[in-house]
Amino acid sequence: MENLLRKEMVRARVRRDASYDGLFYVGVRTMKIYCLPSCKARLSLEENMVFFSTREKAITAGYRSCKRCKPDLYPDITPYWLNKVLDYMKNNVSQRINEKILVRVAGVDISTIRRNFKLYCRSTPIAYHRKLRLAYAKELIRKGANSNELPSQCGFKSNSGFRAAFSKEFGHSPGEVYNV
Ligand SMILES: [Zn+2]
């Protein structure tokens, strides 16, 4: 929740946006009840909304769970589709992927994917996948891969692009791995 601004959470609550469920909980100060962002119950005044990153914090602050949206029963897990996307990325480290593909794999829109990656992986989805590809490249180098074929094996178009990305990620060139 640290990455979510109050403004964004208020907006999610007002829109009853279920893609935020589990990312934060919203309490009603006057009633001491907390809800999922998607709760269909009548909205409280914005000034009475209190936000919690976890249920525990809401409970500790003396809030009871709403009988309508039952936030106490909401699974305390990362979004169901996130693991699907992460698996897909891990299984496709030899090629570049784009956000369109991720939308298809996840079955949710790209802004939801980006927001959750920021929250859970502290990165954009594409940058996260690039890291996986570079880690794979390093593994291939250690196994003695042919350096000329490396870029294409990890989804890089050019040798120079690969070398630049590799050096930025690891602080040394691909060639230096060979020498270790
Ligand atoms: Zn509720």
# chains A, B, ... in the order shown; residues from 1 in each chain; ligands from 1

call {"tool": "residues_around", "arguments": {"residues": "region 102-111 of chain A", "least_positions_apart": "6", "cutoff": "12 Å", "atoms": "only C-alpha atoms", "output": "PyMOL selection string"}}
result
chain A and resi 18-20+79-89+92+96+117-118+124-126+129

call {"tool": "closest_atom_pairs", "arguments": {"of": "chain A", "to": "ligand 1", "cutoff": "8 Å", "atoms": "only C-alpha atoms and all ligand atoms", "output": "tab-separated table"}}
result
residue	atom	partner	partner_atom_place_in_ligand_line	distance
A:Ile33	CA	ligand 1	1 (Zn)	7.8
A:Tyr34	CA	ligand 1	1 (Zn)	6.5
A:Cys35	CA	ligand 1	1 (Zn)	3.9
A:Leu36	CA	ligand 1	1 (Zn)	5.9
A:Pro37	CA	ligand 1	1 (Zn)	7.9
A:Ser38	CA	ligand 1	1 (Zn)	7.8
A:Cys39	CA	ligand 1	1 (Zn)	4.4
A:Lys40	CA	ligand 1	1 (Zn)	6.6
A:Ala41	CA	ligand 1	1 (Zn)	5.7
A:Ser65	CA	ligand 1	1 (Zn)	7.4
A:Cys66	CA	ligand 1	1 (Zn)	4.4
A:Lys67	CA	ligand 1	1 (Zn)	6.4
A:Arg68	CA	ligand 1	1 (Zn)	4.9
A:Cys69	CA	ligand 1	1 (Zn)	4.1
A:Lys70	CA	ligand 1	1 (Zn)	6.3
A:Pro71	CA	ligand 1	1 (Zn)	7.0

call {"tool": "closest_residue", "arguments": {"among": "A:Leu23, A:Tyr63, A:Val93, A:Phe162", "to": "Tyr120 (chain A)", "atoms": "only C-alpha atoms"}}
result
A:Leu23

call {"tool": "residues_around", "arguments": {"residues": "Lys32 (chain A)", "least_positions_apart": "3", "cutoff": "7 Å", "atoms": "only C-alpha atoms", "output": "NGL selection string"}}
result
:A and (27-29 or 62-64)

call {"tool": "residues_around", "arguments": {"residues": "Gly175 (chain A)", "least_positions_apart": "6", "cutoff": "10 Å", "atoms": "only C-alpha atoms", "output": "PDB file with N, CA and C atoms, in the first residue's frame"}}
result
ATOM      1  N   ILE A 141      25.888 -18.247 -20.070  1.00  0.00           N
ATOM      2  CA  ILE A 141      27.322 -17.950 -20.161  1.00  0.00           C
ATOM      3  C   ILE A 141      28.109 -18.914 -19.282  1.00  0.00           C
ATOM      4  N   SER A 147      28.992 -16.822 -27.314  1.00  0.00           N
ATOM      5  CA  SER A 147      28.640 -15.422 -27.040  1.00  0.00           C
ATOM      6  C   SER A 147      27.936 -14.741 -28.215  1.00  0.00           C
ATOM      7  N   ARG A 163      24.623  -6.187 -24.583  1.00  0.00           N
ATOM      8  CA  ARG A 163      25.787  -5.884 -23.738  1.00  0.00           C
ATOM      9  C   ARG A 163      25.505  -4.717 -22.796  1.00  0.00           C
ATOM     10  N   SER A 167      25.452  -5.093 -18.767  1.00  0.00           N
ATOM     11  CA  SER A 167      26.386  -4.325 -17.941  1.00  0.00           C
ATOM     12  C   SER A 167      25.642  -3.478 -16.916  1.00  0.00           C
TER      13      SER A 167
END

call {"tool": "select_by_dssp", "arguments": {"residues": "chain A", "states": "strand (DSSP E)", "output": "MDAnalysis selection string"}}
result
chainID A and resid 25:28 33:35 49:52 64:65

call {"tool": "closest_residue", "arguments": {"among": "A:Arg133, A:Arg13, A:Ser152, A:Leu73", "to": "Ser44 (chain A)", "atoms": "only C-alpha atoms"}}
result
A:Arg13

call {"tool": "closest_residue", "arguments": {"among": "A:Phe52, A:Tyr128, A:Phe170, A:Tyr25", "to": "Tyr74 (chain A)", "atoms": "only C-alpha atoms"}}
result
A:Tyr25

call {"tool": "residues_around", "arguments": {"residues": "Lys168 (chain A)", "least_positions_apart": "5", "cutoff": "12 Å", "atoms": "only C-alpha atoms", "output": "number ranges by chain"}}
result
A: 130-131, 134, 161-163, 173-174

call {"tool": "atom_distance", "arguments": {"atom1": "CA of Lys100 (chain A)", "atom2": "CA of Ser123 (chain A)"}}
result
17.4 Å

call {"tool": "residues_around", "arguments": {"residues": "Arg11 (chain A)", "least_positions_apart": "2", "cutoff": "12 Å", "atoms": "only C-alpha atoms", "output": "JSON, numbers by chain"}}
result
{"A": [4, 5, 6, 7, 8, 9, 13, 14, 15, 16, 17, 18, 20, 26, 37, 38, 43, 46, 49]}

call {"tool": "write_last_selection", "arguments": {"atoms": "N, CA and C atoms", "output": "short mmCIF file (atom, residue, chain, number, x, y, z; two decimals), in the first residue's frame"}}
result
data_model
loop_
_atom_site.label_atom_id
_atom_site.label_comp_id
_atom_site.auth_asym_id
_atom_site.auth_seq_id
_atom_site.Cartn_x
_atom_site.Cartn_y
_atom_site.Cartn_z
N LEU A 4 0.59 3.29 -2.92
CA LEU A 4 -0.68 3.85 -3.33
C LEU A 4 -0.93 5.16 -2.58
N LEU A 5 -1.33 6.14 -3.33
CA LEU A 5 -1.63 7.42 -2.72
C LEU A 5 -3.07 7.41 -2.23
N ARG A 6 -3.31 8.21 -1.20
CA ARG A 6 -4.67 8.30 -0.68
C ARG A 6 -5.66 8.65 -1.79
N LYS A 7 -5.25 9.56 -2.65
CA LYS A 7 -6.11 9.98 -3.75
C LYS A 7 -6.53 8.78 -4.63
N GLU A 8 -5.55 7.93 -4.90
CA GLU A 8 -5.82 6.76 -5.75
C GLU A 8 -6.75 5.78 -5.03
N MET A 9 -6.54 5.63 -3.73
CA MET A 9 -7.38 4.70 -2.97
C MET A 9 -8.81 5.21 -2.86
N ARG A 13 -12.06 3.34 -4.30
CA ARG A 13 -13.22 3.06 -3.44
C ARG A 13 -14.49 3.63 -4.07
N VAL A 14 -14.40 4.86 -4.56
CA VAL A 14 -15.57 5.51 -5.15
C VAL A 14 -16.05 4.74 -6.38
N ARG A 15 -15.10 4.21 -7.14
CA ARG A 15 -15.46 3.42 -8.32
C ARG A 15 -15.79 1.98 -7.97
N ARG A 16 -15.60 1.61 -6.71
CA ARG A 16 -15.79 0.22 -6.26
C ARG A 16 -14.99 -0.74 -7.15
N ASP A 17 -13.76 -0.37 -7.33
CA ASP A 17 -12.88 -1.09 -8.27
C ASP A 17 -12.32 -2.37 -7.62
N ALA A 18 -12.83 -3.51 -8.07
CA ALA A 18 -12.46 -4.79 -7.45
C ALA A 18 -11.01 -5.18 -7.71
N TYR A 20 -8.61 -3.60 -6.89
CA TYR A 20 -7.83 -3.16 -5.73
C TYR A 20 -8.08 -4.02 -4.49
N VAL A 26 -10.50 -0.35 3.39
CA VAL A 26 -10.95 1.00 3.68
C VAL A 26 -11.92 0.98 4.85
N PRO A 37 -12.27 -2.49 -1.13
CA PRO A 37 -12.54 -1.34 -2.00
C PRO A 37 -13.80 -1.52 -2.86
N SER A 38 -14.13 -2.76 -3.20
CA SER A 38 -15.26 -3.00 -4.11
C SER A 38 -16.60 -3.06 -3.41
N LEU A 43 -21.34 4.64 0.17
CA LEU A 43 -20.03 5.25 0.44
C LEU A 43 -20.14 6.23 1.60
N GLU A 46 -15.77 11.19 2.07
CA GLU A 46 -14.34 10.97 1.86
C GLU A 46 -13.53 11.26 3.13
N MET A 49 -13.10 8.32 5.40
CA MET A 49 -12.42 7.11 4.94
C MET A 49 -11.04 7.00 5.58
#

call {"tool": "select_by_dssp", "arguments": {"residues": "region 61-153 of chain A", "states": "helix (DSSP H, G or I)", "output": "MDAnalysis selection string"}}
result
chainID A and resid 71:73 80:91 99:106 110:121 125:142 150:153
